[in-house]
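Pasted below: structure.cif, mmCIF, C-alpha atoms.
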data_work
loop_
_atom_site.label_atom_id
_atom_site.label_comp_id
_atom_site.auth_asym_id
_atom_site.auth_seq_id
_atom_site.Cartn_x
_atom_site.Cartn_y
_atom_site.Cartn_z
CA GLN A 1 -41.04 -96.40 21.65
CA VAL A 2 -38.55 -96.31 24.52
CA GLN A 3 -37.45 -93.12 26.22
CA LEU A 4 -34.50 -92.74 28.56
CA VAL A 5 -33.94 -89.47 30.40
CA GLU A 6 -30.88 -89.00 32.58
CA SER A 7 -30.40 -86.53 35.38
CA GLY A 8 -28.02 -85.88 38.23
CA GLY A 9 -24.74 -85.08 36.57
CA GLY A 10 -22.57 -82.20 37.66
CA SER A 11 -19.17 -81.12 38.88
CA VAL A 12 -17.50 -82.45 41.99
CA GLN A 13 -14.06 -82.56 43.50
CA ALA A 14 -12.07 -85.76 43.63
CA GLY A 15 -13.29 -87.98 46.43
CA GLY A 16 -16.80 -86.67 46.18
CA SER A 17 -20.04 -88.41 45.28
CA LEU A 18 -22.77 -88.04 42.69
CA ARG A 19 -25.96 -89.91 41.96
CA LEU A 20 -27.22 -90.29 38.42
CA SER A 21 -30.76 -91.28 37.62
CA CYS A 22 -32.38 -92.53 34.43
CA ALA A 23 -36.13 -92.51 34.00
CA PHE A 24 -37.22 -95.03 31.40
CA SER A 25 -40.59 -95.34 29.78
CA PHE A 26 -42.38 -97.11 26.98
CA SER A 27 -44.60 -94.89 24.90
CA GLU A 28 -46.97 -97.76 24.26
CA TYR A 29 -47.26 -101.36 25.23
CA SER A 30 -44.52 -103.12 23.43
CA PHE A 31 -42.86 -106.47 23.27
CA SER A 32 -39.87 -104.85 24.93
CA GLU A 33 -41.68 -104.46 28.19
CA TYR A 34 -42.98 -108.00 28.01
CA LYS A 35 -39.60 -109.59 27.37
CA GLY A 36 -37.80 -107.65 30.00
CA THR A 37 -34.93 -105.32 29.57
CA SER A 38 -31.26 -105.16 30.40
CA MET A 39 -29.90 -101.75 31.22
CA GLY A 40 -26.65 -100.10 31.97
CA TRP A 41 -24.58 -96.99 32.32
CA PHE A 42 -21.94 -96.14 29.77
CA ARG A 43 -19.54 -93.25 29.63
CA GLN A 44 -17.57 -91.44 27.00
CA ALA A 45 -14.71 -89.06 27.54
CA PRO A 46 -13.62 -86.66 24.77
CA GLY A 47 -11.64 -88.52 22.14
CA SER A 48 -12.49 -91.90 23.61
CA GLU A 49 -14.89 -94.69 22.80
CA ARG A 50 -18.13 -95.09 24.67
CA LYS A 51 -17.64 -97.90 27.17
CA GLY A 52 -19.74 -99.75 29.67
CA VAL A 53 -19.46 -98.79 33.31
CA VAL A 54 -22.01 -101.20 34.74
CA THR A 55 -24.88 -103.29 33.41
CA ILE A 56 -27.85 -105.00 35.01
CA GLY A 57 -29.74 -107.85 33.42
CA SER A 58 -33.49 -108.23 33.50
CA PHE A 59 -33.18 -110.58 36.48
CA GLY A 60 -30.91 -108.20 38.36
CA ARG A 61 -27.46 -109.60 37.68
CA THR A 62 -24.88 -106.82 37.64
CA THR A 63 -21.49 -106.48 35.99
CA TYR A 64 -19.13 -103.64 36.82
CA ALA A 65 -16.09 -102.37 35.00
CA ASP A 66 -12.96 -103.05 37.05
CA SER A 67 -12.25 -99.33 37.24
CA VAL A 68 -15.44 -98.62 39.21
CA LYS A 69 -15.84 -101.74 41.34
CA GLY A 70 -16.32 -100.86 44.97
CA ARG A 71 -17.06 -97.22 44.15
CA PHE A 72 -20.17 -97.30 41.95
CA THR A 73 -23.47 -99.02 42.63
CA ILE A 74 -26.29 -99.54 40.17
CA SER A 75 -29.90 -99.96 41.23
CA LYS A 76 -33.07 -100.47 39.25
CA ASP A 77 -36.62 -99.91 40.38
CA ASN A 78 -38.98 -101.57 37.92
CA ALA A 79 -42.08 -100.14 39.59
CA LYS A 80 -40.83 -96.56 39.38
CA LYS A 81 -39.02 -97.26 36.11
CA THR A 82 -35.78 -95.70 37.24
CA LEU A 83 -32.17 -96.76 36.95
CA ASP A 84 -29.76 -95.11 39.35
CA LEU A 85 -25.99 -94.97 39.57
CA GLN A 86 -24.51 -94.03 42.91
CA MET A 87 -20.91 -92.93 42.51
CA HIS A 88 -18.52 -92.53 45.42
CA SER A 89 -14.81 -91.74 45.69
CA LEU A 90 -14.90 -90.07 42.31
CA LYS A 91 -11.64 -89.59 40.45
CA PRO A 92 -10.68 -87.16 37.69
CA GLU A 93 -10.57 -90.11 35.29
CA ASP A 94 -14.30 -90.63 35.90
CA THR A 95 -14.93 -87.38 34.03
CA ALA A 96 -17.11 -88.16 31.03
CA MET A 97 -20.55 -87.94 29.55
CA TYR A 98 -22.63 -90.69 31.13
CA TYR A 99 -25.35 -92.42 29.17
CA CYS A 100 -28.20 -94.63 30.23
CA ALA A 101 -28.60 -97.62 27.93
CA LEU A 102 -31.21 -100.28 27.31
CA ARG A 103 -31.35 -103.58 25.45
CA VAL A 104 -34.41 -105.72 24.99
CA GLY A 105 -33.92 -109.11 26.63
CA ASP A 106 -31.71 -110.54 29.35
CA TYR A 107 -27.98 -110.08 28.91
CA ASP A 108 -25.04 -110.67 31.20
CA GLY A 109 -21.67 -109.05 31.17
CA LEU A 110 -20.39 -105.63 30.22
CA TRP A 111 -21.72 -105.44 26.70
CA SER A 112 -20.38 -103.37 23.89
CA ALA A 113 -21.92 -99.99 23.15
CA SER A 114 -22.61 -101.26 19.63
CA LEU A 115 -25.21 -103.67 21.05
CA VAL A 116 -27.24 -100.99 22.79
CA GLN A 117 -30.65 -100.43 21.25
CA TYR A 118 -31.71 -97.31 23.12
CA TRP A 119 -29.70 -94.43 24.55
CA GLY A 120 -30.47 -91.51 26.78
CA GLN A 121 -29.26 -88.04 25.89
CA GLY A 122 -26.39 -88.19 28.38
CA THR A 123 -25.43 -86.26 31.46
CA GLN A 124 -22.01 -84.74 32.12
CA VAL A 125 -19.92 -85.72 35.12
CA THR A 126 -16.83 -83.63 35.80
CA VAL A 127 -14.41 -84.50 38.59
CA SER A 128 -11.70 -82.00 39.41
CA SER A 129 -8.48 -82.81 41.21
#

Same coordinates, now as structure tokens:
Amino acid sequence: QVQLVESGGGSVQAGGSLRLSCAFSFSEYSFSEYKGTSMGWFRQAPGSERKGVVTIGSFGRTTYADSVKGRFTISKDNAKKTLDLQMHSLKPEDTAMYYCALRVGDYDGLWSASLVQYWGQGTQVTVSS
């Protein structure tokens, strides 16, 4: 019903930049598209829980994790159906698998991964020191 496809991961040295993109689509008209969607980027390092990096509500309100404030920027283009994450000043601790996430409805805050209804397949980001 909902498809999320990430791209743009890769390897970079500390201090570098990467841009992730998530193309989202609805296979058929659904109530999801009518109600609006909240989306976000989550990440998971080996041996760690999947945690929110940044979320954006259906009206555009954003919430960033403290660890990425000032370095990461989320943007959503509803016409193109893309969700991007621009990452600057990358640190080795940013190394993780990054996932695009979607919830039906309008939600504020950095929500728990357990509340996510749809996930992308993930894209790896590796930052070397």

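Comparing the minimum interatomic distances between Leu90 (chain A) and each of A:Gly120, A:Gly105, A:Gly70, A:Gly52, counting only C-alpha atoms, we find that A:Gly70 sits nearest.
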
So that I can check the surroundings of Arg19 (chain A), please list as JSON, numbers by chain every protein, DNA and RNA residue that reaches within 9 Å of it, counting only C-alpha atoms and ignoring chain neighbours fewer than 6 positions away.
{"A": [7, 8, 9, 84, 85, 86, 87, 88]}

Might you spell out which residues the PyMOL selection byres ((chain A and resi 117) around 6) would select in the displayed file, as a PyMOL selection string?
chain A and resi 103+116+118

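Of the residues under consideration (A:Leu20, A:Tyr98, A:Gly57, A:Ala45), A:Tyr98 shows the shortest atom-to-atom contact distance to Gln121 (chain A) when counting all atoms listed in the file.
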
Could you work out how far CA of Leu4 (chain A) lies from CA of Ser128 (chain A), giving the answer in Å with one decimal?
27.4 Å

Could you tell me, as a PyMOL selection string, exactly which residues end up selected when the PyMOL selection byres ((chain A and resi 14) around 10) is applied to this structure?
chain A and resi 11-13+15-17+88-94+126-129

Determine the residue membership of the PyMOL selection byres ((chain A and resi 64) around 12) for the file above and supply it as an MDAnalysis selection string.
chainID A and resid 40:42 51:57 61:63 65:74 85 108:111

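What separates CA of Ser112 (chain A) from CA of Gly47 (chain A) is a distance of 17.3 Å.
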
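Distance check against Val5 (chain A) using all atoms listed in the file: of A:Tyr99, A:Lys81, A:Arg50, A:Ala23, the minimum falls on A:Ala23.
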
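Minimum distance to Leu102 (chain A) across A:Val2, A:Leu115, A:Val125, A:Met39 (counting only C-alpha atoms) occurs at A:Met39.
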
For the atom pair CA of Gln1 (chain A) and CA of Met97 (chain A), what is the interatomic distance in Å to one decimal place?
23.5 Å

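Nearest-residue note for Gln3 (chain A): choosing from A:Ala79, A:Leu18, A:Cys100, A:Ala113, the minimum distance belongs to A:Cys100, counting only C-alpha atoms.
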
Quick one: of A:Ser75, A:Gln124, A:Ser21, A:Thr95, who's nearest to Ser48 (chain A), counting all atoms listed in the file?
A:Thr95
